[in-house]
Amino acid sequence: MKKTLPAFLLSSATLFTVACNNNAATKTNDNSTTTDSVYPAVEKNKANTSYKPAFEGQTRIAGVKTTTPYEGKVITKELKSPWGIAVLPDNRVLITEKEGDLRIVSLDGSVSEAITGIPKVDAQGQGGLLGLTLDPDFSSNRMVYWVFSEPVSGGNHTAVAKGRLADDEKSIEGAKVIYQALPTYDGKLHYGGRIIFDKSGNLLVSTGERSDLETRPQSQDLKSALGKIIRITKDGKPAEGNPFAGDANARPEVYSYGHRNVQGLALHPETGDLWETEFGPRGGDELNRVEAGKNYGWPIITYGLEYSGKEIGNPPIQQKEGLEQPVYYWDPVLSPSGLTFYTGDAIPEWKNNVFAGGLSSTHIARLVIKDNKVVGEERLLDREGQRFRDVAQGKNGEIFAITDGGRLYSIAKK
Ligand SMILES: [Ca+2]
């Protein structure tokens with residue numbers, strides 16, 4: 001750990017001292033140098049609870065500030081509730097819109113007509129056309145994979161589909177639903193909705209627990225696909241090597257469980273580990289490093305309260321043997337949606353940092369990670385007043401971000 005003090009222990013006197021350390025390169029104990037200076041924690045508002053973190057630095061870590069000059073430019077304001085971004089090989093972006101449309105946006109701001117051939121979505125509430133990813137061999141096979149809320153008799157569920165982007169880019173050819181996160185439920189909240197490829201060429205997909213008290217316990221039920229991260233092949237079958245393969249009391253596609261509503265998934269560029277962000281209740285949004293077969297605790301442990309202000313659990317507990325602790329949590333919440341690690345060279349101090357979109361918090365959180373812990377936090381584009389729904393790295397070391405208000409930003413070195 002560098003000379004960061006856990007922010008929740010800082011008195012105003014130490015804040016002043018720490019803030020005076022501007023621009024001094026910080027030497028860390030593993031002999032790597034970072035140019036990040038140490039500032040007071042970015043969060044200044046009162047927490048919802050007085051719950052104690054499990055370890056120092058699990059929340060309200062010291063602030064950091066990017067020193068390389070950068071700016072966020074609006075590429076377009078013409079999108080309608082965009083939800084997911086995938087960056088095409090030529091650095092145009094393929095974007096889902098919640099109501100069910102898929103479009104390509106060029107960096108000159110031109111937005112394509114809606115691409116046809118997408119199966120119908122249930123766009124009520126938090127449902128719709130959600131996250132997407134490109135096949136690792138997209139350049140040759142043009143395959144796209146996406147998540148959506150599929151309307152069926154009796155309600156809807158999170159589903160995964162795939163199809164080929166036609167050569168003329170006007171349609172998705174041969175769209176096919178390859179996975180359904182059952183059971184179906186008649187609700188309109190908490191679908192999860194992110195999808196990424198892992199290093200073995202299988203798909204990792206997040207689902208939600210559908211929010212209601214009635215469905216919430218299914219996060220802990222390995223026979224239910226709700227409140228999980230699942231790992232499937234490109235054909236939607238349980239992937240080889242999954243932790244519950246052969247277990248009669250579990251679904252073979254389950255990778256991890258005890259999740260509430262995961263809307264951020266990313267692989268660490270160096271370790272290959274899976275990281276996620278998930279919506280907690282009031283005061284309990286989390287960043288987790290996910291390991292196969294582990295239980296991430298919802299709704300048994302949480303740092304948050306019900307939206308009503310009521311405690312969760314009787315008595316409410318935040319830590320329990322056998323249940324994984326978040327690497328980091330936000331109270332008040334970030335409302336995290338979209339997650340990406342930075343691998344570019346354009347802004348050197350961002351290397352291997354993780355960027356999390358924030359909805360109600362209206363900024364993008366930049367988190368500096370060291371030894372699987374968060375050691376610094378910064379807020380980007382916090383004066384734009386936008387709800388950031390997804391983030392993705394572009395081909396030229398920029399970060400793309402979309403907002404519920406219909407904007408696509410490019411955040412790049414000046
Ligand atoms: Ca958790």
# chains A, B, ... in the order shown; residues from 1 in each chain; ligands from 1
call {"tool": "select_by_dssp", "arguments": {"residues": "region 198-240 of chain A", "states": "strand (DSSP E or B)", "output": "ChimeraX atom specification"}}
result
/A:203-206,208,228-232,238
call {"tool": "residues_around", "arguments": {"residues": "His190 (chain A)", "least_positions_apart": "2", "cutoff": "10 Å", "atoms": "only C-alpha atoms", "output": "PyMOL selection string"}}
result
chain A and resi 125-127+157-158+187-188+192-193+207-212+226-227+260-263+279
call {"tool": "write_last_selection", "arguments": {"atoms": "N, CA and C atoms", "output": "compact mmCIF listing (two decimals), in the first residue's frame"}}
result
# COMPACT_ATOMS: atom_id res chain seq x y z
N GLY A 125 -39.77 -1.08 -18.04
CA GLY A 125 -38.90 -0.94 -16.88
C GLY A 125 -37.43 -0.96 -17.27
N GLN A 126 -36.67 -1.86 -16.64
CA GLN A 126 -35.23 -1.94 -16.92
C GLN A 126 -34.92 -2.92 -18.05
N GLY A 127 -35.95 -3.49 -18.66
CA GLY A 127 -35.73 -4.46 -19.73
C GLY A 127 -35.46 -3.80 -21.07
N HIS A 157 -37.67 -13.00 -19.34
CA HIS A 157 -36.42 -13.42 -18.68
C HIS A 157 -35.26 -12.84 -19.46
N THR A 158 -34.10 -12.84 -18.83
CA THR A 158 -32.87 -12.44 -19.52
C THR A 158 -32.52 -13.56 -20.51
N GLY A 187 -42.01 -9.52 -14.25
CA GLY A 187 -41.52 -8.31 -13.60
C GLY A 187 -40.85 -7.43 -14.64
N LYS A 188 -40.29 -6.31 -14.21
CA LYS A 188 -39.61 -5.45 -15.17
C LYS A 188 -38.32 -4.84 -14.63
N GLY A 192 -29.68 -7.91 -15.06
CA GLY A 192 -28.24 -8.05 -15.35
C GLY A 192 -28.01 -7.47 -16.74
N GLY A 193 -27.45 -8.28 -17.66
CA GLY A 193 -27.45 -7.84 -19.06
C GLY A 193 -26.11 -7.60 -19.71
N THR A 207 -26.85 -12.05 -14.96
CA THR A 207 -28.31 -11.98 -14.84
C THR A 207 -28.63 -11.21 -13.56
N GLY A 208 -29.89 -10.86 -13.37
CA GLY A 208 -30.30 -10.19 -12.13
C GLY A 208 -31.27 -11.07 -11.37
N GLU A 209 -31.58 -10.66 -10.12
CA GLU A 209 -32.49 -11.49 -9.32
C GLU A 209 -33.91 -10.96 -9.37
N ARG A 210 -34.18 -10.09 -10.31
CA ARG A 210 -35.52 -9.58 -10.63
C ARG A 210 -36.11 -8.69 -9.52
N SER A 211 -35.30 -8.35 -8.54
CA SER A 211 -35.58 -7.29 -7.56
C SER A 211 -36.60 -7.62 -6.47
N ASP A 212 -37.67 -8.31 -6.81
CA ASP A 212 -38.75 -8.47 -5.82
C ASP A 212 -38.34 -9.39 -4.66
N LEU A 226 -31.25 -16.93 -11.85
CA LEU A 226 -31.36 -15.53 -11.44
C LEU A 226 -30.25 -15.16 -10.44
N GLY A 227 -29.74 -13.94 -10.56
CA GLY A 227 -28.72 -13.46 -9.62
C GLY A 227 -27.41 -14.19 -9.76
N ARG A 260 -26.79 -9.55 -7.08
CA ARG A 260 -28.08 -8.84 -7.10
C ARG A 260 -28.45 -8.42 -8.51
N ASN A 261 -27.65 -7.53 -9.09
CA ASN A 261 -27.92 -7.09 -10.46
C ASN A 261 -26.61 -6.58 -11.06
N VAL A 262 -25.93 -7.46 -11.75
CA VAL A 262 -24.59 -7.15 -12.29
C VAL A 262 -24.73 -6.48 -13.66
N GLN A 263 -24.31 -5.23 -13.75
CA GLN A 263 -24.36 -4.52 -15.04
C GLN A 263 -22.98 -4.05 -15.49
N PHE A 279 -25.28 -3.58 -8.79
CA PHE A 279 -26.16 -2.72 -8.01
C PHE A 279 -26.45 -3.40 -6.68
call {"tool": "residues_near_ligand", "arguments": {"ligand": "ligand 1", "cutoff": "6 Å", "atoms": "only C-alpha atoms and all ligand atoms", "output": "number ranges by chain"}}
result
A: 296-298, 326
call {"tool": "residues_around", "arguments": {"residues": "Val375 (chain A)", "least_positions_apart": "2", "cutoff": "8 Å", "atoms": "only C-alpha atoms", "output": "list in words"}}
result
Met1, Thr4, Gly57, Ile61, Ala62, Leu367, Val368, Ile369, Lys370, Lys373 and Glu377 of chain A
call {"tool": "write_last_selection", "arguments": {"atoms": "C-alpha atoms", "output": "mmCIF file, in the first residue's frame"}}
result
data_model
loop_
_atom_site.group_PDB
_atom_site.id
_atom_site.type_symbol
_atom_site.label_atom_id
_atom_site.label_comp_id
_atom_site.auth_asym_id
_atom_site.auth_seq_id
_atom_site.Cartn_x
_atom_site.Cartn_y
_atom_site.Cartn_z
ATOM 1 C CA MET A 1 0.000 0.000 0.000
ATOM 2 C CA THR A 4 -2.738 6.429 1.232
ATOM 3 C CA GLY A 57 -9.767 0.867 1.849
ATOM 4 C CA ILE A 61 -10.414 5.352 -0.718
ATOM 5 C CA ALA A 62 -8.137 8.351 -1.290
ATOM 6 C CA LEU A 367 -10.355 3.180 -9.932
ATOM 7 C CA VAL A 368 -6.652 2.481 -9.545
ATOM 8 C CA ILE A 369 -6.129 -1.176 -8.680
ATOM 9 C CA LYS A 370 -3.086 -2.590 -6.930
ATOM 10 C CA LYS A 373 -7.414 -3.744 -4.060
ATOM 11 C CA GLU A 377 -10.627 6.845 -7.076
#
call {"tool": "residues_around", "arguments": {"residues": "Arg164 (chain A)", "least_positions_apart": "3", "cutoff": "9 Å", "atoms": "only C-alpha atoms", "output": "PyMOL selection string"}}
result
chain A and resi 141-145+167+171-175
call {"tool": "write_last_selection", "arguments": {"atoms": "N, CA and C atoms", "output": "compact mmCIF listing (two decimals), in the first residue's frame"}}
result
# COMPACT_ATOMS: atom_id res chain seq x y z
N ASN A 141 -15.76 -13.71 -39.01
CA ASN A 141 -17.11 -14.32 -38.99
C ASN A 141 -18.26 -13.34 -38.74
N ARG A 142 -17.96 -12.11 -38.36
CA ARG A 142 -18.96 -11.04 -38.19
C ARG A 142 -20.07 -11.38 -37.18
N MET A 143 -19.75 -12.27 -36.23
CA MET A 143 -20.78 -12.68 -35.26
C MET A 143 -20.87 -11.70 -34.09
N VAL A 144 -22.12 -11.42 -33.70
CA VAL A 144 -22.43 -10.54 -32.58
C VAL A 144 -23.28 -11.32 -31.58
N TYR A 145 -23.05 -11.12 -30.30
CA TYR A 145 -23.80 -11.78 -29.23
C TYR A 145 -24.41 -10.69 -28.36
N ASP A 167 -22.98 -8.16 -44.46
CA ASP A 167 -21.88 -7.41 -45.09
C ASP A 167 -22.27 -5.95 -45.36
N SER A 171 -28.53 -5.47 -41.59
CA SER A 171 -29.30 -6.45 -40.83
C SER A 171 -28.39 -7.39 -40.05
N ILE A 172 -29.01 -8.04 -39.07
CA ILE A 172 -28.39 -9.19 -38.40
C ILE A 172 -28.99 -10.43 -39.06
N GLU A 173 -28.14 -11.28 -39.56
CA GLU A 173 -28.60 -12.48 -40.27
C GLU A 173 -28.63 -13.67 -39.30
N GLY A 174 -29.71 -14.45 -39.41
CA GLY A 174 -29.79 -15.71 -38.68
C GLY A 174 -29.83 -15.56 -37.18
N ALA A 175 -30.46 -14.50 -36.69
CA ALA A 175 -30.51 -14.30 -35.23
C ALA A 175 -31.14 -15.50 -34.54
call {"tool": "residues_around", "arguments": {"residues": "Ser335 (chain A)", "least_positions_apart": "3", "cutoff": "9 Å", "atoms": "only C-alpha atoms", "output": "mmCIF file with N, CA and C atoms, in the first residue's frame"}}
result
data_model
loop_
_atom_site.group_PDB
_atom_site.id
_atom_site.type_symbol
_atom_site.label_atom_id
_atom_site.label_comp_id
_atom_site.auth_asym_id
_atom_site.auth_seq_id
_atom_site.Cartn_x
_atom_site.Cartn_y
_atom_site.Cartn_z
ATOM 1 N N GLU A 278 -21.880 -4.449 -9.432
ATOM 2 C CA GLU A 278 -23.294 -4.767 -9.302
ATOM 3 C C GLU A 278 -24.016 -3.760 -8.439
ATOM 4 N N PHE A 279 -25.278 -3.578 -8.790
ATOM 5 C CA PHE A 279 -26.157 -2.719 -8.007
ATOM 6 C C PHE A 279 -26.448 -3.400 -6.685
ATOM 7 N N GLY A 280 -26.098 -2.731 -5.603
ATOM 8 C CA GLY A 280 -26.567 -3.163 -4.303
ATOM 9 C C GLY A 280 -27.829 -2.394 -3.983
ATOM 10 N N ASP A 285 -23.594 -0.578 -3.419
ATOM 11 C CA ASP A 285 -23.071 -0.933 -4.749
ATOM 12 C C ASP A 285 -21.659 -1.490 -4.621
ATOM 13 N N TRP A 330 -19.606 1.337 -2.660
ATOM 14 C CA TRP A 330 -19.941 2.761 -2.683
ATOM 15 C C TRP A 330 -21.177 3.018 -1.828
ATOM 16 N N GLY A 357 -19.055 3.008 -15.317
ATOM 17 C CA GLY A 357 -20.095 4.007 -15.560
ATOM 18 C C GLY A 357 -20.958 4.155 -14.320
ATOM 19 N N GLY A 358 -21.466 5.365 -14.083
ATOM 20 C CA GLY A 358 -22.352 5.606 -12.942
ATOM 21 C C GLY A 358 -23.637 6.268 -13.424
ATOM 22 N N LEU A 359 -24.766 5.732 -13.009
ATOM 23 C CA LEU A 359 -26.066 6.271 -13.444
ATOM 24 C C LEU A 359 -26.510 7.409 -12.516
ATOM 25 N N SER A 360 -27.078 7.090 -11.356
ATOM 26 C CA SER A 360 -27.586 8.152 -10.472
ATOM 27 C C SER A 360 -26.475 9.084 -10.008
ATOM 28 N N SER A 361 -25.243 8.584 -9.977
ATOM 29 C CA SER A 361 -24.106 9.389 -9.532
ATOM 30 C C SER A 361 -23.615 10.339 -10.626
ATOM 31 N N THR A 362 -24.056 10.150 -11.829
ATOM 32 C CA THR A 362 -23.738 10.959 -13.018
ATOM 33 C C THR A 362 -22.244 11.257 -13.191
#
call {"tool": "select_by_dssp", "arguments": {"residues": "region 79-168 of chain A", "states": "alpha helix (DSSP H)", "output": "list in words"}}
result
Phe138, Ser139, Ser140 and Asn141 of chain A
call {"tool": "residues_around", "arguments": {"residues": "Ala54 (chain A)", "least_positions_apart": "3", "cutoff": "10 Å", "atoms": "only C-alpha atoms", "output": "PyMOL selection string"}}
result
chain A and resi 51+57-59+318-319+325-328
call {"tool": "residues_around", "arguments": {"residues": "Val391 (chain A)", "least_positions_apart": "5", "cutoff": "10 Å", "atoms": "only C-alpha atoms", "output": "mmCIF file with N, CA and C atoms, in the first residue's frame"}}
result
data_model
loop_
_atom_site.group_PDB
_atom_site.id
_atom_site.type_symbol
_atom_site.label_atom_id
_atom_site.label_comp_id
_atom_site.auth_asym_id
_atom_site.auth_seq_id
_atom_site.Cartn_x
_atom_site.Cartn_y
_atom_site.Cartn_z
ATOM 1 N N TRP A 83 -27.627 1.362 -24.456
ATOM 2 C CA TRP A 83 -27.385 0.483 -23.288
ATOM 3 C C TRP A 83 -26.022 -0.197 -23.326
ATOM 4 N N GLY A 84 -25.587 -0.625 -24.520
ATOM 5 C CA GLY A 84 -24.304 -1.329 -24.607
ATOM 6 C C GLY A 84 -23.501 -0.864 -25.813
ATOM 7 N N ILE A 85 -22.171 -0.918 -25.663
ATOM 8 C CA ILE A 85 -21.253 -0.524 -26.746
ATOM 9 C C ILE A 85 -20.331 -1.688 -27.068
ATOM 10 N N ALA A 86 -20.106 -1.934 -28.345
ATOM 11 C CA ALA A 86 -19.020 -2.821 -28.769
ATOM 12 C C ALA A 86 -18.240 -2.076 -29.848
ATOM 13 N N GLY A 264 -21.926 -4.677 -14.929
ATOM 14 C CA GLY A 264 -20.571 -4.394 -15.397
ATOM 15 C C GLY A 264 -19.751 -5.672 -15.332
ATOM 16 N N SER A 337 -22.918 0.840 -14.009
ATOM 17 C CA SER A 337 -23.343 0.162 -15.238
ATOM 18 C C SER A 337 -22.236 0.332 -16.268
ATOM 19 N N GLY A 338 -21.721 -0.791 -16.751
ATOM 20 C CA GLY A 338 -20.618 -0.738 -17.715
ATOM 21 C C GLY A 338 -19.290 -0.726 -16.975
ATOM 22 N N LEU A 339 -18.351 -1.553 -17.458
ATOM 23 C CA LEU A 339 -17.057 -1.671 -16.790
ATOM 24 C C LEU A 339 -16.007 -1.995 -17.839
ATOM 25 N N THR A 340 -14.863 -1.314 -17.769
ATOM 26 C CA THR A 340 -13.778 -1.663 -18.683
ATOM 27 C C THR A 340 -12.433 -1.347 -18.049
ATOM 28 N N PHE A 341 -11.471 -2.197 -18.293
ATOM 29 C CA PHE A 341 -10.093 -1.904 -17.901
ATOM 30 C C PHE A 341 -9.430 -1.143 -19.037
ATOM 31 N N PHE A 355 -12.621 1.383 -15.183
ATOM 32 C CA PHE A 355 -13.558 2.497 -15.345
ATOM 33 C C PHE A 355 -14.971 1.950 -15.250
ATOM 34 N N ALA A 356 -15.769 2.556 -14.364
ATOM 35 C CA ALA A 356 -17.143 2.097 -14.139
ATOM 36 C C ALA A 356 -18.111 3.240 -14.422
ATOM 37 N N GLY A 357 -19.055 3.008 -15.317
ATOM 38 C CA GLY A 357 -20.095 4.007 -15.560
ATOM 39 C C GLY A 357 -20.958 4.155 -14.320
ATOM 40 N N GLY A 358 -21.466 5.365 -14.083
ATOM 41 C CA GLY A 358 -22.352 5.606 -12.942
ATOM 42 C C GLY A 358 -23.637 6.268 -13.424
ATOM 43 N N ILE A 364 -18.274 8.947 -14.337
ATOM 44 C CA ILE A 364 -17.570 7.679 -14.538
ATOM 45 C C ILE A 364 -16.535 7.580 -13.428
ATOM 46 N N ILE A 399 -11.605 6.295 -24.425
ATOM 47 C CA ILE A 399 -12.691 5.535 -23.793
ATOM 48 C C ILE A 399 -14.007 6.087 -24.336
ATOM 49 N N PHE A 400 -14.830 5.203 -24.831
ATOM 50 C CA PHE A 400 -16.171 5.582 -25.263
ATOM 51 C C PHE A 400 -17.133 5.383 -24.100
ATOM 52 N N ALA A 401 -18.106 6.278 -24.017
ATOM 53 C CA ALA A 401 -19.125 6.152 -22.974
ATOM 54 C C ALA A 401 -20.467 6.566 -23.560
ATOM 55 N N ILE A 402 -21.512 5.833 -23.198
ATOM 56 C CA ILE A 402 -22.865 6.205 -23.616
ATOM 57 C C ILE A 402 -23.690 6.572 -22.393
ATOM 58 N N THR A 403 -24.692 7.420 -22.623
ATOM 59 C CA THR A 403 -25.517 7.888 -21.511
ATOM 60 C C THR A 403 -27.000 7.693 -21.819
ATOM 61 N N LEU A 408 -23.091 9.773 -26.972
ATOM 62 C CA LEU A 408 -21.866 8.979 -27.042
ATOM 63 C C LEU A 408 -20.714 9.944 -26.856
ATOM 64 N N TYR A 409 -19.882 9.669 -25.868
ATOM 65 C CA TYR A 409 -18.679 10.465 -25.627
ATOM 66 C C TYR A 409 -17.446 9.698 -26.069
ATOM 67 N N SER A 410 -16.427 10.431 -26.464
ATOM 68 C CA SER A 410 -15.084 9.898 -26.587
ATOM 69 C C SER A 410 -14.217 10.664 -25.595
#
call {"tool": "closest_residue", "arguments": {"among": "A:Gly246, A:Gly201, A:Pro89, A:Pro252", "to": "Ala225 (chain A)", "atoms": "only C-alpha atoms"}}
result
A:Pro252
call {"tool": "closest_residue", "arguments": {"among": "A:Leu132, A:Leu88, A:Val42, A:Ala181", "to": "Ser224 (chain A)", "atoms": "only C-alpha atoms"}}
result
A:Ala181
